[in-house]
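Raw contents of model.cif, mmCIF, N, CA and C atoms:
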```cif
data_structure
loop_
_atom_site.label_atom_id
_atom_site.label_comp_id
_atom_site.auth_asym_id
_atom_site.auth_seq_id
_atom_site.Cartn_x
_atom_site.Cartn_y
_atom_site.Cartn_z
N MET A 1 -29.76 -21.38 3.76
CA MET A 1 -30.34 -20.04 3.77
C MET A 1 -29.58 -19.15 2.80
N SER A 2 -30.28 -18.35 2.05
CA SER A 2 -29.66 -17.48 1.05
C SER A 2 -28.86 -16.36 1.69
N ASN A 3 -27.81 -15.98 1.04
CA ASN A 3 -26.95 -14.90 1.51
C ASN A 3 -27.62 -13.54 1.36
N THR A 4 -28.70 -13.47 0.61
CA THR A 4 -29.38 -12.19 0.35
C THR A 4 -30.59 -11.98 1.24
N THR A 5 -30.80 -12.84 2.25
CA THR A 5 -31.98 -12.75 3.10
C THR A 5 -32.14 -11.38 3.74
N ASN A 6 -31.08 -10.84 4.29
CA ASN A 6 -31.15 -9.55 4.99
C ASN A 6 -30.55 -8.42 4.17
N LYS A 7 -30.70 -8.50 2.88
CA LYS A 7 -30.12 -7.48 2.00
C LYS A 7 -31.23 -6.59 1.45
N THR A 8 -30.89 -5.34 1.18
CA THR A 8 -31.80 -4.39 0.55
C THR A 8 -31.12 -3.83 -0.67
N MET A 9 -31.86 -3.70 -1.74
CA MET A 9 -31.31 -3.13 -2.96
C MET A 9 -31.40 -1.61 -2.89
N VAL A 10 -30.32 -0.94 -3.23
CA VAL A 10 -30.28 0.52 -3.26
C VAL A 10 -29.99 0.93 -4.70
N HIS A 11 -30.80 1.81 -5.22
CA HIS A 11 -30.60 2.31 -6.59
C HIS A 11 -29.97 3.69 -6.50
N LEU A 12 -28.88 3.87 -7.22
CA LEU A 12 -28.18 5.15 -7.24
C LEU A 12 -28.15 5.69 -8.66
N ARG A 13 -28.28 6.98 -8.78
CA ARG A 13 -28.12 7.61 -10.09
C ARG A 13 -26.69 8.15 -10.18
N LEU A 14 -25.94 7.59 -11.10
CA LEU A 14 -24.55 8.00 -11.30
C LEU A 14 -24.34 8.39 -12.75
N ASN A 15 -23.40 9.28 -12.95
CA ASN A 15 -22.97 9.60 -14.30
C ASN A 15 -22.50 8.30 -14.95
N GLN A 16 -22.91 8.05 -16.17
CA GLN A 16 -22.60 6.79 -16.85
C GLN A 16 -21.09 6.54 -16.94
N ASN A 17 -20.33 7.57 -17.27
CA ASN A 17 -18.88 7.40 -17.36
C ASN A 17 -18.26 7.10 -16.00
N LEU A 18 -18.78 7.74 -14.96
CA LEU A 18 -18.30 7.47 -13.61
C LEU A 18 -18.54 6.01 -13.25
N TYR A 19 -19.75 5.52 -13.52
CA TYR A 19 -20.07 4.13 -13.22
C TYR A 19 -19.16 3.18 -13.98
N LYS A 20 -18.94 3.44 -15.26
CA LYS A 20 -18.06 2.58 -16.06
C LYS A 20 -16.64 2.54 -15.46
N ASP A 21 -16.14 3.70 -15.05
CA ASP A 21 -14.80 3.75 -14.46
C ASP A 21 -14.75 3.01 -13.12
N ILE A 22 -15.80 3.16 -12.30
CA ILE A 22 -15.86 2.46 -11.02
C ILE A 22 -15.89 0.96 -11.25
N LYS A 23 -16.75 0.53 -12.16
CA LYS A 23 -16.89 -0.91 -12.45
C LYS A 23 -15.58 -1.49 -12.97
N LYS A 24 -14.93 -0.78 -13.87
CA LYS A 24 -13.66 -1.25 -14.44
C LYS A 24 -12.60 -1.38 -13.35
N THR A 25 -12.50 -0.39 -12.49
CA THR A 25 -11.52 -0.42 -11.41
C THR A 25 -11.85 -1.53 -10.42
N ALA A 26 -13.13 -1.68 -10.09
CA ALA A 26 -13.55 -2.73 -9.16
C ALA A 26 -13.20 -4.11 -9.71
N GLU A 27 -13.51 -4.32 -10.98
CA GLU A 27 -13.20 -5.61 -11.61
C GLU A 27 -11.70 -5.88 -11.60
N ALA A 28 -10.90 -4.85 -11.85
CA ALA A 28 -9.44 -5.02 -11.83
C ALA A 28 -8.95 -5.40 -10.44
N MET A 29 -9.67 -4.95 -9.41
CA MET A 29 -9.30 -5.26 -8.03
C MET A 29 -9.94 -6.57 -7.55
N GLY A 30 -10.84 -7.13 -8.36
CA GLY A 30 -11.50 -8.37 -7.99
C GLY A 30 -12.63 -8.19 -6.99
N VAL A 31 -13.24 -7.01 -6.97
CA VAL A 31 -14.37 -6.76 -6.06
C VAL A 31 -15.56 -6.27 -6.87
N SER A 32 -16.72 -6.29 -6.23
CA SER A 32 -17.93 -5.82 -6.91
C SER A 32 -18.19 -4.36 -6.59
N VAL A 33 -18.99 -3.73 -7.43
CA VAL A 33 -19.41 -2.36 -7.18
C VAL A 33 -20.25 -2.32 -5.89
N SER A 34 -21.03 -3.37 -5.66
CA SER A 34 -21.83 -3.45 -4.43
C SER A 34 -20.94 -3.43 -3.19
N LEU A 35 -19.83 -4.15 -3.23
CA LEU A 35 -18.91 -4.16 -2.09
C LEU A 35 -18.34 -2.77 -1.84
N ILE A 36 -18.02 -2.06 -2.91
CA ILE A 36 -17.50 -0.70 -2.76
C ILE A 36 -18.56 0.18 -2.09
N GLY A 37 -19.79 0.11 -2.59
CA GLY A 37 -20.87 0.91 -2.02
C GLY A 37 -21.10 0.56 -0.56
N GLU A 38 -21.16 -0.73 -0.23
CA GLU A 38 -21.40 -1.15 1.15
C GLU A 38 -20.27 -0.67 2.06
N THR A 39 -19.05 -0.75 1.58
CA THR A 39 -17.89 -0.29 2.36
C THR A 39 -17.98 1.21 2.62
N LEU A 40 -18.35 1.98 1.61
CA LEU A 40 -18.48 3.43 1.78
C LEU A 40 -19.60 3.77 2.77
N PHE A 41 -20.72 3.06 2.68
CA PHE A 41 -21.83 3.31 3.61
C PHE A 41 -21.43 2.96 5.05
N LYS A 42 -20.71 1.84 5.24
CA LYS A 42 -20.26 1.46 6.58
C LYS A 42 -19.30 2.50 7.14
N ASP A 43 -18.40 2.98 6.30
CA ASP A 43 -17.46 4.02 6.75
C ASP A 43 -18.22 5.27 7.16
N PHE A 44 -19.24 5.64 6.40
CA PHE A 44 -20.08 6.79 6.74
C PHE A 44 -20.72 6.61 8.11
N LEU A 45 -21.25 5.43 8.37
CA LEU A 45 -21.88 5.16 9.67
C LEU A 45 -20.87 5.16 10.81
N ASN A 46 -19.70 4.58 10.57
CA ASN A 46 -18.67 4.51 11.62
C ASN A 46 -18.07 5.86 11.97
N THR A 47 -17.84 6.68 10.97
CA THR A 47 -17.18 7.97 11.20
C THR A 47 -18.15 9.11 11.42
N LYS A 48 -19.39 8.93 10.99
CA LYS A 48 -20.40 10.00 11.04
C LYS A 48 -19.92 11.23 10.27
N LYS A 49 -19.16 10.98 9.21
CA LYS A 49 -18.63 12.06 8.39
C LYS A 49 -18.93 11.79 6.93
N LEU A 50 -19.21 12.85 6.22
CA LEU A 50 -19.39 12.79 4.78
C LEU A 50 -18.43 13.80 4.18
N VAL A 51 -17.45 13.32 3.47
CA VAL A 51 -16.46 14.20 2.87
C VAL A 51 -16.79 14.33 1.38
N ILE A 52 -17.07 15.55 0.98
CA ILE A 52 -17.37 15.83 -0.42
C ILE A 52 -16.34 16.83 -0.89
N SER A 53 -15.60 16.45 -1.90
CA SER A 53 -14.58 17.36 -2.40
C SER A 53 -14.53 17.29 -3.91
N ASP A 54 -13.96 18.31 -4.46
CA ASP A 54 -13.79 18.38 -5.90
C ASP A 54 -12.43 19.03 -6.13
N ALA A 55 -11.70 18.52 -7.05
CA ALA A 55 -10.39 19.12 -7.34
C ALA A 55 -10.61 20.56 -7.80
N TYR A 56 -9.84 21.46 -7.25
CA TYR A 56 -9.97 22.87 -7.58
C TYR A 56 -8.91 23.26 -8.60
N THR A 57 -9.34 23.86 -9.67
CA THR A 57 -8.42 24.36 -10.69
C THR A 57 -8.53 25.87 -10.70
N PRO A 58 -7.43 26.57 -10.37
CA PRO A 58 -7.51 28.03 -10.35
C PRO A 58 -7.73 28.59 -11.75
N SER A 59 -8.37 29.76 -11.79
CA SER A 59 -8.57 30.44 -13.07
C SER A 59 -7.21 30.85 -13.63
N ASN A 60 -7.17 31.18 -14.89
CA ASN A 60 -5.91 31.60 -15.51
C ASN A 60 -5.34 32.82 -14.81
N ASN A 61 -6.22 33.76 -14.43
CA ASN A 61 -5.77 34.97 -13.75
C ASN A 61 -5.15 34.63 -12.40
N LEU A 62 -5.83 33.78 -11.61
CA LEU A 62 -5.30 33.38 -10.32
C LEU A 62 -4.01 32.58 -10.48
N LYS A 63 -3.93 31.75 -11.51
CA LYS A 63 -2.71 30.96 -11.78
C LYS A 63 -1.53 31.91 -12.01
N LYS A 64 -1.73 32.98 -12.77
CA LYS A 64 -0.66 33.96 -13.01
C LYS A 64 -0.22 34.59 -11.70
N ILE A 65 -1.18 34.95 -10.85
CA ILE A 65 -0.86 35.57 -9.56
C ILE A 65 -0.07 34.60 -8.69
N LEU A 66 -0.53 33.35 -8.63
CA LEU A 66 0.16 32.34 -7.82
C LEU A 66 1.57 32.06 -8.34
N ASP A 67 1.71 31.99 -9.66
CA ASP A 67 3.04 31.76 -10.25
C ASP A 67 3.98 32.91 -9.92
N GLU A 68 3.49 34.15 -10.01
CA GLU A 68 4.32 35.31 -9.69
C GLU A 68 4.70 35.32 -8.21
N ALA A 69 3.75 34.99 -7.35
CA ALA A 69 4.03 34.94 -5.92
C ALA A 69 5.09 33.89 -5.62
N GLU A 70 4.98 32.74 -6.26
CA GLU A 70 5.97 31.68 -6.05
C GLU A 70 7.35 32.13 -6.55
N LYS A 71 7.38 32.77 -7.69
CA LYS A 71 8.63 33.24 -8.27
C LYS A 71 9.30 34.28 -7.37
N ASN A 72 8.50 35.10 -6.70
CA ASN A 72 9.04 36.20 -5.90
C ASN A 72 8.97 35.95 -4.39
N ARG A 73 8.80 34.71 -3.99
CA ARG A 73 8.57 34.46 -2.56
C ARG A 73 9.74 34.83 -1.68
N ASP A 74 10.96 34.86 -2.19
CA ASP A 74 12.12 35.23 -1.39
C ASP A 74 12.55 36.68 -1.61
N ASN A 75 11.76 37.43 -2.37
CA ASN A 75 12.09 38.81 -2.68
C ASN A 75 11.44 39.72 -1.63
N ASN A 76 12.26 40.37 -0.81
CA ASN A 76 11.75 41.23 0.26
C ASN A 76 10.91 42.40 -0.25
N LYS A 77 11.06 42.72 -1.53
CA LYS A 77 10.24 43.79 -2.11
C LYS A 77 8.75 43.43 -2.04
N TYR A 78 8.45 42.15 -2.15
CA TYR A 78 7.07 41.70 -2.17
C TYR A 78 6.56 41.20 -0.81
N TRP A 79 7.46 40.75 0.03
CA TRP A 79 7.06 40.14 1.31
C TRP A 79 7.76 40.89 2.44
N VAL A 80 6.99 41.67 3.16
CA VAL A 80 7.54 42.48 4.23
C VAL A 80 7.03 41.94 5.57
N ALA A 81 7.96 41.68 6.48
CA ALA A 81 7.57 41.24 7.82
C ALA A 81 7.12 42.46 8.61
N ASN A 82 6.04 42.32 9.35
CA ASN A 82 5.51 43.41 10.16
C ASN A 82 5.59 43.01 11.63
N ASP A 83 6.14 43.93 12.43
CA ASP A 83 6.28 43.66 13.86
C ASP A 83 5.08 44.14 14.66
N SER A 84 4.23 44.94 14.05
CA SER A 84 3.07 45.46 14.76
C SER A 84 1.98 45.81 13.77
N VAL A 85 0.81 46.08 14.29
CA VAL A 85 -0.30 46.50 13.44
C VAL A 85 0.02 47.82 12.77
N GLU A 86 0.69 48.69 13.50
CA GLU A 86 1.07 49.99 12.92
C GLU A 86 2.00 49.81 11.73
N ASP A 87 2.99 48.90 11.85
CA ASP A 87 3.88 48.60 10.72
C ASP A 87 3.10 48.06 9.54
N LEU A 88 2.16 47.16 9.82
CA LEU A 88 1.34 46.59 8.76
C LEU A 88 0.57 47.69 8.03
N MET A 89 -0.07 48.58 8.78
CA MET A 89 -0.85 49.64 8.16
C MET A 89 0.04 50.58 7.35
N THR A 90 1.24 50.88 7.85
CA THR A 90 2.18 51.74 7.11
C THR A 90 2.58 51.05 5.81
N ASN A 91 2.89 49.74 5.87
CA ASN A 91 3.32 49.03 4.67
C ASN A 91 2.19 48.88 3.66
N LEU A 92 0.96 48.74 4.13
CA LEU A 92 -0.18 48.65 3.22
C LEU A 92 -0.41 49.95 2.48
N LYS A 93 -0.10 51.07 3.12
CA LYS A 93 -0.29 52.38 2.49
C LYS A 93 0.77 52.65 1.43
N ASN A 94 1.94 52.02 1.54
CA ASN A 94 3.03 52.28 0.60
C ASN A 94 2.91 51.48 -0.66
#
```

Target encoding structure tokens, full file:
Amino acid sequence: MSNTTNKTMVHLRLNQNLYKDIKKTAEAMGVSVSLIGETLFKDFLNTKKLVISDAYTPSNNLKKILDEAEKNRDNNKYWVANDSVEDLMTNLKN
């Protein structure tokens, strides 16, 4: 009996460069692209979760703000502890 008896073909539209990178990595690992896809689908069914993420790159303006915050993180001039809402409101006004 053929190994493909209970198999269904799934067609996916992927960015050509993404597919080439996936195929190259799969071949280096000694697995097929189909195995990767089937594994991902099984994980989706088992966990009932779909995680979609994209690396976030802050804008140049935000990067400057983050760099300055990191540089001044131990400077009490920039970071004031507030013991109450009233203290917070007073410090925000200053």

Fill in: Sel. of helix (DSSP H, G or I) residues, segment 3-90 of chain A, as number ranges by chain
A: 16-29, 33-47, 60-71, 85-90

Only N, CA and C atoms, please: the residues just picked out, written as a compact mmCIF listing (two decimals), keeping the file's coordinate frame.
```txt
# COMPACT_ATOMS: atom_id res chain seq x y z
N GLN A 16 -22.91 8.05 -16.17
CA GLN A 16 -22.60 6.79 -16.85
C GLN A 16 -21.09 6.54 -16.94
N ASN A 17 -20.33 7.57 -17.27
CA ASN A 17 -18.88 7.40 -17.36
C ASN A 17 -18.26 7.10 -16.00
N LEU A 18 -18.78 7.74 -14.96
CA LEU A 18 -18.30 7.47 -13.61
C LEU A 18 -18.54 6.01 -13.25
N TYR A 19 -19.75 5.52 -13.52
CA TYR A 19 -20.07 4.13 -13.22
C TYR A 19 -19.16 3.18 -13.98
N LYS A 20 -18.94 3.44 -15.26
CA LYS A 20 -18.06 2.58 -16.06
C LYS A 20 -16.64 2.54 -15.46
N ASP A 21 -16.14 3.70 -15.05
CA ASP A 21 -14.80 3.75 -14.46
C ASP A 21 -14.75 3.01 -13.12
N ILE A 22 -15.80 3.16 -12.30
CA ILE A 22 -15.86 2.46 -11.02
C ILE A 22 -15.89 0.96 -11.25
N LYS A 23 -16.75 0.53 -12.16
CA LYS A 23 -16.89 -0.91 -12.45
C LYS A 23 -15.58 -1.49 -12.97
N LYS A 24 -14.93 -0.78 -13.87
CA LYS A 24 -13.66 -1.25 -14.44
C LYS A 24 -12.60 -1.38 -13.35
N THR A 25 -12.50 -0.39 -12.49
CA THR A 25 -11.52 -0.42 -11.41
C THR A 25 -11.85 -1.53 -10.42
N ALA A 26 -13.13 -1.68 -10.09
CA ALA A 26 -13.55 -2.73 -9.16
C ALA A 26 -13.20 -4.11 -9.71
N GLU A 27 -13.51 -4.32 -10.98
CA GLU A 27 -13.20 -5.61 -11.61
C GLU A 27 -11.70 -5.88 -11.60
N ALA A 28 -10.90 -4.85 -11.85
CA ALA A 28 -9.44 -5.02 -11.83
C ALA A 28 -8.95 -5.40 -10.44
N MET A 29 -9.67 -4.95 -9.41
CA MET A 29 -9.30 -5.26 -8.03
C MET A 29 -9.94 -6.57 -7.55
N VAL A 33 -18.99 -3.73 -7.43
CA VAL A 33 -19.41 -2.36 -7.18
C VAL A 33 -20.25 -2.32 -5.89
N SER A 34 -21.03 -3.37 -5.66
CA SER A 34 -21.83 -3.45 -4.43
C SER A 34 -20.94 -3.43 -3.19
N LEU A 35 -19.83 -4.15 -3.23
CA LEU A 35 -18.91 -4.16 -2.09
C LEU A 35 -18.34 -2.77 -1.84
N ILE A 36 -18.02 -2.06 -2.91
CA ILE A 36 -17.50 -0.70 -2.76
C ILE A 36 -18.56 0.18 -2.09
N GLY A 37 -19.79 0.11 -2.59
CA GLY A 37 -20.87 0.91 -2.02
C GLY A 37 -21.10 0.56 -0.56
N GLU A 38 -21.16 -0.73 -0.23
CA GLU A 38 -21.40 -1.15 1.15
C GLU A 38 -20.27 -0.67 2.06
N THR A 39 -19.05 -0.75 1.58
CA THR A 39 -17.89 -0.29 2.36
C THR A 39 -17.98 1.21 2.62
N LEU A 40 -18.35 1.98 1.61
CA LEU A 40 -18.48 3.43 1.78
C LEU A 40 -19.60 3.77 2.77
N PHE A 41 -20.72 3.06 2.68
CA PHE A 41 -21.83 3.31 3.61
C PHE A 41 -21.43 2.96 5.05
N LYS A 42 -20.71 1.84 5.24
CA LYS A 42 -20.26 1.46 6.58
C LYS A 42 -19.30 2.50 7.14
N ASP A 43 -18.40 2.98 6.30
CA ASP A 43 -17.46 4.02 6.75
C ASP A 43 -18.22 5.27 7.16
N PHE A 44 -19.24 5.64 6.40
CA PHE A 44 -20.08 6.79 6.74
C PHE A 44 -20.72 6.61 8.11
N LEU A 45 -21.25 5.43 8.37
CA LEU A 45 -21.88 5.16 9.67
C LEU A 45 -20.87 5.16 10.81
N ASN A 46 -19.70 4.58 10.57
CA ASN A 46 -18.67 4.51 11.62
C ASN A 46 -18.07 5.86 11.97
N THR A 47 -17.84 6.68 10.97
CA THR A 47 -17.18 7.97 11.20
C THR A 47 -18.15 9.11 11.42
N ASN A 60 -7.17 31.18 -14.89
CA ASN A 60 -5.91 31.60 -15.51
C ASN A 60 -5.34 32.82 -14.81
N ASN A 61 -6.22 33.76 -14.43
CA ASN A 61 -5.77 34.97 -13.75
C ASN A 61 -5.15 34.63 -12.40
N LEU A 62 -5.83 33.78 -11.61
CA LEU A 62 -5.30 33.38 -10.32
C LEU A 62 -4.01 32.58 -10.48
N LYS A 63 -3.93 31.75 -11.51
CA LYS A 63 -2.71 30.96 -11.78
C LYS A 63 -1.53 31.91 -12.01
N LYS A 64 -1.73 32.98 -12.77
CA LYS A 64 -0.66 33.96 -13.01
C LYS A 64 -0.22 34.59 -11.70
N ILE A 65 -1.18 34.95 -10.85
CA ILE A 65 -0.86 35.57 -9.56
C ILE A 65 -0.07 34.60 -8.69
N LEU A 66 -0.53 33.35 -8.63
CA LEU A 66 0.16 32.34 -7.82
C LEU A 66 1.57 32.06 -8.34
N ASP A 67 1.71 31.99 -9.66
CA ASP A 67 3.04 31.76 -10.25
C ASP A 67 3.98 32.91 -9.92
N GLU A 68 3.49 34.15 -10.01
CA GLU A 68 4.32 35.31 -9.69
C GLU A 68 4.70 35.32 -8.21
N ALA A 69 3.75 34.99 -7.35
CA ALA A 69 4.03 34.94 -5.92
C ALA A 69 5.09 33.89 -5.62
N GLU A 70 4.98 32.74 -6.26
CA GLU A 70 5.97 31.68 -6.05
C GLU A 70 7.35 32.13 -6.55
N LYS A 71 7.38 32.77 -7.69
CA LYS A 71 8.63 33.24 -8.27
C LYS A 71 9.30 34.28 -7.37
N VAL A 85 0.81 46.08 14.29
CA VAL A 85 -0.30 46.50 13.44
C VAL A 85 0.02 47.82 12.77
N GLU A 86 0.69 48.69 13.50
CA GLU A 86 1.07 49.99 12.92
C GLU A 86 2.00 49.81 11.73
N ASP A 87 2.99 48.90 11.85
CA ASP A 87 3.88 48.60 10.72
C ASP A 87 3.10 48.06 9.54
N LEU A 88 2.16 47.16 9.82
CA LEU A 88 1.34 46.59 8.76
C LEU A 88 0.57 47.69 8.03
N MET A 89 -0.07 48.58 8.78
CA MET A 89 -0.85 49.64 8.16
C MET A 89 0.04 50.58 7.35
N THR A 90 1.24 50.88 7.85
CA THR A 90 2.18 51.74 7.11
C THR A 90 2.58 51.05 5.81
```

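By only N, CA and C atoms, and with residues fewer than 4 positions from segment 15-24 of chain A along its chain excluded, the set lying at most 6.5 Å from it is Ala28, Met29 and Val33 of chain A.
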
Practice prompt. Can you work out the spacing between atom N of Met9 of chain A and atom CA of Ser34 of chain A in Å, to one decimal?
Written response: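 Calculated distance between atom N of Met9 of chain A and atom CA of Ser34 of chain A is 10.4 Å.
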
Practice prompt. Go through A:Lys7, A:Ile52, A:Asn72, A:Val85 and flag the residue nearest Glu38 of chain A, using only C-alpha atoms for the distances.
Written response: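 Smallest distance to Glu38 of chain A is found for A:Lys7.
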
Worksheet item: So what do you get for atom C of Leu62 of chain A versus atom N of Asn82 of chain A, distance-wise?
Response: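 Computing the Euclidean distance for atom C of Leu62 of chain A and atom N of Asn82 of chain A yields 24.3 Å.
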
Worksheet entry | Straight-line distance linking atom C of Leu35 of chain A with atom CA of Tyr56 of chain A, stated in Å to one decimal | 27.6 Å
